[in-house]
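To start, the structure itself, in C-alpha cells.
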Amino acid sequence: MDLNRLKQIDACSWSVPLHSGEKRAPVILYGSQSLLASMDDKVLEQITNVACLPGLVGSAMTMPDAHWGYGFPIGGVAAFDPEQGGIISAGGVGFDISCGIRCLRTNLDLQHIAPHLEKLADALFRAIPAGVGEEGKLKLTPAQLNDVLTGGAQWAVQHGYGHADELEFVEEHGRMTGAVPGYVSEVAKKRQRGEMGTLGSGNHYLELQVVEKIFDAAAARDFGLHQGQVLISIHCGSRGLGHQIGTDYLLSLAKAAGRLGIHLPDRELACAPINSPEGQEYIGAMNAAVNVALANRQILAHLTREVFDKILPQASLETLFDVSHNTCKLEKHQVDGKERLLYVHRKGATRAFGPGHPALPARYRTAGQPVIIGGSMGTGSYVLAGTLESENRAFSSASHGAGRAMSRTQALKRWQGKELIRELASKGILIRTQSMRGAAEEAPGAYKDVDEVAAATEQAGLAKRVAFLRPKACIKG
DNA sequence: ATGTGC
C-alpha cells in the first residue's frame with residue numbers, strides 16, 4: 001500500500017484523507033508502518049467502499065492483519081445503526097459464517113506429550129474428519145438439524161458432547177438467539193446434515209500448542225495459563241451451511257439494494273437495510289449458522305477429549321474460550337458519550353470486550369475477554385486480552401490471525417506440500433493433512449508475520465498480549 | 001471459506 005495515501009495518526013493507526021466532494025464516513029487502518037506498506041492496495045479500496053454504505057457509525061476500520069476479501073476486506077470492522085438506515089451485508093460477515101477458534105487449556109506440560117506426539121497426531125487425524133466435503137459420524141435428520149440451528153453448543157452438550165459448565169466460556173453461552181431455521185434454504189440444511197463435527201479445509205486446523213512466553217502474568221493467571229503448558233486450538237466454522245447461506249443471500253440482498261436504490265460502490269457489497277424483510281431474513285439465517293459453528297466446535301472439542309482419554313487418560317481439557325471472527329452482532333456501544341445499539345460487522349476480526357464487560361464470565365471480568373490470534377501452520381499463535389481502549393477505537397475488536405500476505409495461487413507456485421511438511425517436521429512441528437495442495441496454500445511464508453500482527457494489535461490499543469503459543473502438531477483439512 | 005472452477 002502506498003503510505004502517501006494515508007495520514008498517520010499514531011504509531012499504529014492511520015486515516016484516509018477525504019478528497020473534496022467525496023461523501024463517506026472516515027476510514028481508519030490499524031497496523032504498523034511495515035504491515036501497512038506490504039498490505040494490498042485493494043484493502044484500502046475495499047474499506048473506503050464500505051465507508052460509503054448507509055447508516056455507518058463512526059469509522060470503517062481494518063485490523064493489522066487485514067487482506068483483500070469478497071467485498072469487505074478480511075480484517076474489516078464496520079458498525080451500522082438500524083434506526084439510521086444502517087445495512088447488513090453478507091460480504092461483511094464472510095462466507096464462513098461464525099468461523100472462529102475454540103481454545104482448550106490442558107493440565108499437561110510439553111514433557112507429558114512429547115513422547116506421545118506422533119501417536120496423538122495420528123489419532124487426532126483419524127478422529128477428526130477434515131477436508132473438503134468430508135462428513136462426520138453424525139447423520140442428522142431434518143428435525144435434528146433444525147434443533148442445532150437454534151440450540152448451538154447447548155444442543156451439543158445436551159447430546160453428550162462436552163460439559164454444561166464450560167458453556168460459560170463460549171461466546172453467547174454457546175447459543176445465539178435470533179436464529180430462524182425457516183430463513184435457511186433446504187439446500188443449506190441438506191449440506192450440513194452430515195457435516196457436524198468436521199473441521200473443513202483451507203486455513204482451518206486443530207493444533208496442539210505449547211505456551212512459550214507469558215507477556216502479562218496477571219491475565220495469564222486469570223486465564224489459567226503458564227509457561228510450558230499444552231493448549232489445543234480448534235479453528236473452524238459453519239461448513240457447507242454457512243457457505244450456502246452466503247451464496248443464497250448474496251442474491252437476495254443484491255435485489256433488495258436495487259429495489260431500495262442503495263448505491264453499491266462494488267457489487268460484492270450487496271446489502272439491505274437491517275430494518276427490511278431481506279435484512280431480517282439474512283440475520284435470522286446468519287444466526288442459525290452461528291449456532292452450527294458453535295455446535296461444531298463443541299463436538300470437535302469432545303472428539304479431541306476422546307482421543308486424549310485413550311492416550312493420556314490423566315489429561316483434562318478445559319475450555320479457555322471460544323470466540324468467532326466472522327459475524328455481525330447486535331451490541332451496545334458508546335458513541336460520543338451516548339449508548340447506542342449497533343450491528344457490528346466483524347469479518348476476520350475478533351470481538352474483544354475489555355475488563356468489566358457484563359457479557360464476560362466472572363473469571364475474566366478483571367483481565368478482559370480472551371482474544372485468540374491464530375497463526376499459520378508453523379509460526380505460532382497468541383492469546384490476548386480485550387482492553388477498555390478498544391471500545392473507543394474499534395467497537396471492541398481486534399485481529400483474528402496472521403492474515404494472508406499472498407494469494408493461494410501464488411503460494412502454490414512457490415511451495416510444495418510434501419517438502420514443506422518435511423521441513424516443519426525437522427523443526428518439531430508435525431503436520432497431518434488430507435491435501436498436499438492445501439498444505440502448500442497454507443505455507444507459513446504465505447502469511448504475515450504473526451509476531452508483528454500481535455505487537456501491532458497491542459500497540460494500536462485493540463488488545464493486550466498475554467501469551468505466545470508454539471505449535472507442536474497440526475491437523476489440517 | 002466452499003459437494004473449490006472458465
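Ordering of the C-alpha cells sets the chain letters (A, B, ...), residue numbers begin anew at 1 in every chain, and ligands are numbered from 1 in the order given.
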Show me a table, sorted first by chain and then by increasing residue number, of the residues of chain B having an atom at most 9 Å from chain A, each with its shortest atom pair and the distance in Å to one decimal, counting only C-alpha atoms (C1' of nucleotides) and written as JSON lines.
```
{"residue": "B:DA1", "atom": "C1'", "partner": "A:Asp96", "partner_atom": "CA", "distance": 5.1}
{"residue": "B:DT2", "atom": "C1'", "partner": "A:His243", "partner_atom": "CA", "distance": 6.3}
{"residue": "B:DG3", "atom": "C1'", "partner": "A:Gly133", "partner_atom": "CA", "distance": 5.7}
{"residue": "B:DT4", "atom": "C1'", "partner": "A:Val132", "partner_atom": "CA", "distance": 8.0}
```
Shell of 12 Å around Arg340 of chain A, only C-alpha atoms (C1' of nucleotides), local chain residues under 5 positions omitted, as a list in words:
Val57, Gly58, Ala79, Phe80, Asp81, Pro82, Glu83, Gln84, Leu330, Glu331, Lys332, His333, Gln334, Val335 and Phe395 of chain A
Dump of N, CA, C and O atoms for the selected residues, as a compact mmCIF listing (two decimals), in the first residue's frame:
```txt
# COMPACT_ATOMS: atom_id res chain seq x y z
N VAL A 57 -21.72 3.99 11.43
CA VAL A 57 -21.46 4.80 12.62
C VAL A 57 -19.95 4.84 12.89
O VAL A 57 -19.29 3.80 12.83
N GLY A 58 -19.44 6.00 13.18
CA GLY A 58 -18.00 6.13 13.47
C GLY A 58 -17.20 5.93 12.19
O GLY A 58 -17.57 6.44 11.13
N ALA A 79 -19.68 -0.73 11.91
CA ALA A 79 -20.90 -0.77 12.73
C ALA A 79 -21.99 0.07 12.07
O ALA A 79 -21.71 1.15 11.52
N PHE A 80 -23.22 -0.41 12.13
CA PHE A 80 -24.34 0.28 11.49
C PHE A 80 -25.50 0.45 12.46
O PHE A 80 -25.77 -0.44 13.28
N ASP A 81 -26.18 1.59 12.34
CA ASP A 81 -27.32 1.89 13.20
C ASP A 81 -28.62 1.56 12.45
O ASP A 81 -28.91 2.19 11.43
N PRO A 82 -29.40 0.60 12.96
CA PRO A 82 -30.62 0.22 12.26
C PRO A 82 -31.63 1.37 12.16
O PRO A 82 -32.42 1.41 11.22
N GLU A 83 -31.55 2.31 13.12
CA GLU A 83 -32.50 3.42 13.13
C GLU A 83 -32.12 4.51 12.14
O GLU A 83 -32.87 5.46 11.93
N GLN A 84 -30.91 4.39 11.58
CA GLN A 84 -30.49 5.41 10.60
C GLN A 84 -30.24 4.81 9.23
O GLN A 84 -29.32 5.20 8.51
N LEU A 330 -25.50 -7.65 17.16
CA LEU A 330 -26.16 -6.50 17.76
C LEU A 330 -25.55 -6.28 19.15
O LEU A 330 -25.61 -7.16 20.00
N GLU A 331 -24.95 -5.11 19.34
CA GLU A 331 -24.25 -4.82 20.61
C GLU A 331 -24.50 -3.37 21.03
O GLU A 331 -24.74 -2.52 20.18
N LYS A 332 -24.36 -3.15 22.34
CA LYS A 332 -24.42 -1.78 22.87
C LYS A 332 -23.03 -1.18 22.79
O LYS A 332 -22.07 -1.81 23.24
N HIS A 333 -22.91 0.01 22.25
CA HIS A 333 -21.61 0.70 22.23
C HIS A 333 -21.78 2.16 22.59
O HIS A 333 -22.83 2.76 22.33
N GLN A 334 -20.71 2.71 23.16
CA GLN A 334 -20.68 4.13 23.49
C GLN A 334 -20.22 4.90 22.26
O GLN A 334 -19.14 4.65 21.74
N VAL A 335 -21.06 5.81 21.79
CA VAL A 335 -20.64 6.66 20.68
C VAL A 335 -20.80 8.11 21.12
O VAL A 335 -21.92 8.54 21.42
N PHE A 395 -14.92 -0.40 18.37
CA PHE A 395 -16.11 -1.12 18.84
C PHE A 395 -15.71 -2.46 19.47
O PHE A 395 -16.34 -3.49 19.23
```
Using DSSP secondary structure from the backbone, list all alpha helix (DSSP H) positions within segment 62-258 of chain A, as a count of residues only.
66
Expressed in Å to a single decimal, how great is the separation between atom CA of Glu389 of chain A and atom CA of His325 of chain A?
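Distance between the two atoms: 19.3 Å.
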Skip His400 of chain A itself and residues of its chain fewer than 5 positions away, then list as a PyMOL selection string all residues within 7 Å of it, counting only C-alpha atoms (C1' of nucleotides).
chain A and resi 325+348-350+372-374
Export of the given selection (N, CA, C and O atoms) as a PDB file, in the first residue's frame:
```pdb
ATOM      1  N   HIS A 325     -14.765 -15.041  14.606  1.00  0.00           N
ATOM      2  CA  HIS A 325     -14.216 -13.856  13.940  1.00  0.00           C
ATOM      3  C   HIS A 325     -14.856 -13.577  12.575  1.00  0.00           C
ATOM      4  O   HIS A 325     -14.282 -12.855  11.764  1.00  0.00           O
ATOM      5  N   GLY A 348     -13.244 -11.475   9.777  1.00  0.00           N
ATOM      6  CA  GLY A 348     -11.826 -11.704  10.024  1.00  0.00           C
ATOM      7  C   GLY A 348     -11.345 -10.752  11.099  1.00  0.00           C
ATOM      8  O   GLY A 348     -10.262 -10.188  11.031  1.00  0.00           O
ATOM      9  N   ALA A 349     -12.203 -10.525  12.093  1.00  0.00           N
ATOM     10  CA  ALA A 349     -11.863  -9.665  13.225  1.00  0.00           C
ATOM     11  C   ALA A 349     -12.550 -10.263  14.449  1.00  0.00           C
ATOM     12  O   ALA A 349     -13.682 -10.737  14.364  1.00  0.00           O
ATOM     13  N   THR A 350     -11.843 -10.252  15.575  1.00  0.00           N
ATOM     14  CA  THR A 350     -12.342 -10.898  16.780  1.00  0.00           C
ATOM     15  C   THR A 350     -12.995  -9.887  17.711  1.00  0.00           C
ATOM     16  O   THR A 350     -12.448  -8.802  17.911  1.00  0.00           O
ATOM     17  N   ILE A 372      -8.117 -14.598  20.624  1.00  0.00           N
ATOM     18  CA  ILE A 372      -7.184 -15.574  20.079  1.00  0.00           C
ATOM     19  C   ILE A 372      -6.767 -15.169  18.671  1.00  0.00           C
ATOM     20  O   ILE A 372      -7.611 -14.977  17.800  1.00  0.00           O
ATOM     21  N   ILE A 373      -5.467 -14.992  18.486  1.00  0.00           N
ATOM     22  CA  ILE A 373      -4.929 -14.728  17.153  1.00  0.00           C
ATOM     23  C   ILE A 373      -4.275 -16.020  16.681  1.00  0.00           C
ATOM     24  O   ILE A 373      -3.245 -16.437  17.197  1.00  0.00           O
ATOM     25  N   GLY A 374      -4.944 -16.682  15.749  1.00  0.00           N
ATOM     26  CA  GLY A 374      -4.454 -17.962  15.250  1.00  0.00           C
ATOM     27  C   GLY A 374      -3.384 -17.719  14.190  1.00  0.00           C
ATOM     28  O   GLY A 374      -3.551 -16.882  13.327  1.00  0.00           O
TER      29      GLY A 374
END
```
Quote the spacing between atom CA of Leu199 of chain A and atom CA of Pro129 of chain A in Å to one decimal place.
6.2 Å
Please identify all polymer residues within 7 Å of Ala398 of chain A, counting only C-alpha atoms (C1' of nucleotides), omitting same-chain residues fewer than 3 positions from it, and present them as a ChimeraX atom specification.
/A:63,349-352,457,462-463
Same residues, N, CA and C atoms, output as an mmCIF file, in the first residue's frame:
```
data_model
loop_
_atom_site.group_PDB
_atom_site.id
_atom_site.type_symbol
_atom_site.label_atom_id
_atom_site.label_comp_id
_atom_site.auth_asym_id
_atom_site.auth_seq_id
_atom_site.Cartn_x
_atom_site.Cartn_y
_atom_site.Cartn_z
ATOM 1 N N MET A 63 -8.178 -4.102 10.686
ATOM 2 C CA MET A 63 -7.276 -4.584 11.735
ATOM 3 C C MET A 63 -5.868 -4.783 11.121
ATOM 4 N N ALA A 349 -12.203 -10.525 12.093
ATOM 5 C CA ALA A 349 -11.863 -9.665 13.225
ATOM 6 C C ALA A 349 -12.550 -10.263 14.449
ATOM 7 N N THR A 350 -11.843 -10.252 15.575
ATOM 8 C CA THR A 350 -12.342 -10.898 16.780
ATOM 9 C C THR A 350 -12.995 -9.887 17.711
ATOM 10 N N ARG A 351 -14.132 -10.253 18.276
ATOM 11 C CA ARG A 351 -14.721 -9.420 19.323
ATOM 12 C C ARG A 351 -13.733 -9.405 20.491
ATOM 13 N N ALA A 352 -13.541 -8.244 21.105
ATOM 14 C CA ALA A 352 -12.507 -8.123 22.138
ATOM 15 C C ALA A 352 -13.008 -7.222 23.267
ATOM 16 N N THR A 457 -1.309 -5.085 17.120
ATOM 17 C CA THR A 457 -2.638 -5.122 17.738
ATOM 18 C C THR A 457 -2.570 -4.496 19.127
ATOM 19 N N LEU A 462 -5.851 -2.328 20.646
ATOM 20 C CA LEU A 462 -7.022 -3.159 20.353
ATOM 21 C C LEU A 462 -7.141 -4.335 21.319
ATOM 22 N N ALA A 463 -6.018 -4.870 21.763
ATOM 23 C CA ALA A 463 -5.969 -5.964 22.741
ATOM 24 C C ALA A 463 -4.534 -6.045 23.255
#
```
So that I can check the secondary structure, give me every residue of segment 147-378 of chain A assigned strand (DSSP E or B) by backbone DSSP, as a PyMOL selection string.
chain A and resi 170+205-214+229-236+271-273+317-324+326-335+338-347+350-351+370-374
Pick out the residues sitting within 7 Å of Thr387 of chain A, and hand them over as a list in words; count only C-alpha atoms (C1' of nucleotides), and ignore anything fewer than 4 positions along from it in its own chain.
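So, after excluding close chain neighbours, the residues are Phe353, Gly354, Pro355, Gly368, Leu462, Ala463 and Lys464 of chain A.
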Excluding same-chain residues fewer than 3 positions from Leu3 of chain A, what lies within 9 Å of it counting only C-alpha atoms (C1' of nucleotides), as a list of chain:residue names?
A:Leu6, A:Lys7, A:Gln8, A:Gln33, A:Leu36, A:Ala37
Write the residues of the selection above to a file with N, CA and C atoms, as a compact mmCIF listing (two decimals), in the first residue's frame.
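Generated output (selection_3.txt):
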```txt
# COMPACT_ATOMS: atom_id res chain seq x y z
N LEU A 6 -2.08 7.79 2.96
CA LEU A 6 -2.60 7.73 4.33
C LEU A 6 -2.04 8.87 5.17
N LYS A 7 -2.77 9.18 6.24
CA LYS A 7 -2.27 10.16 7.20
C LYS A 7 -2.06 9.41 8.51
N GLN A 8 -0.83 9.47 9.00
CA GLN A 8 -0.54 8.73 10.23
C GLN A 8 -1.09 9.47 11.45
N GLN A 33 3.76 0.50 10.38
CA GLN A 33 4.16 1.01 9.06
C GLN A 33 4.52 -0.14 8.12
N LEU A 36 1.42 -2.14 6.98
CA LEU A 36 0.62 -1.39 6.00
C LEU A 36 1.35 -1.25 4.67
N ALA A 37 2.66 -1.09 4.73
CA ALA A 37 3.42 -0.93 3.49
C ALA A 37 3.30 -2.18 2.62
```
Could you check how far atom CA of Thr433 of chain A sits from atom CA of Pro471 of chain A, in Å to one decimal?
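Separation between atom CA of Thr433 of chain A and atom CA of Pro471 of chain A: 15.1 Å.
Proximity ranking of A:Tyr249, A:Tyr161, A:Tyr282, A:Phe169 relative to Pro370 of chain A places A:Phe169 first, based on only C-alpha atoms.
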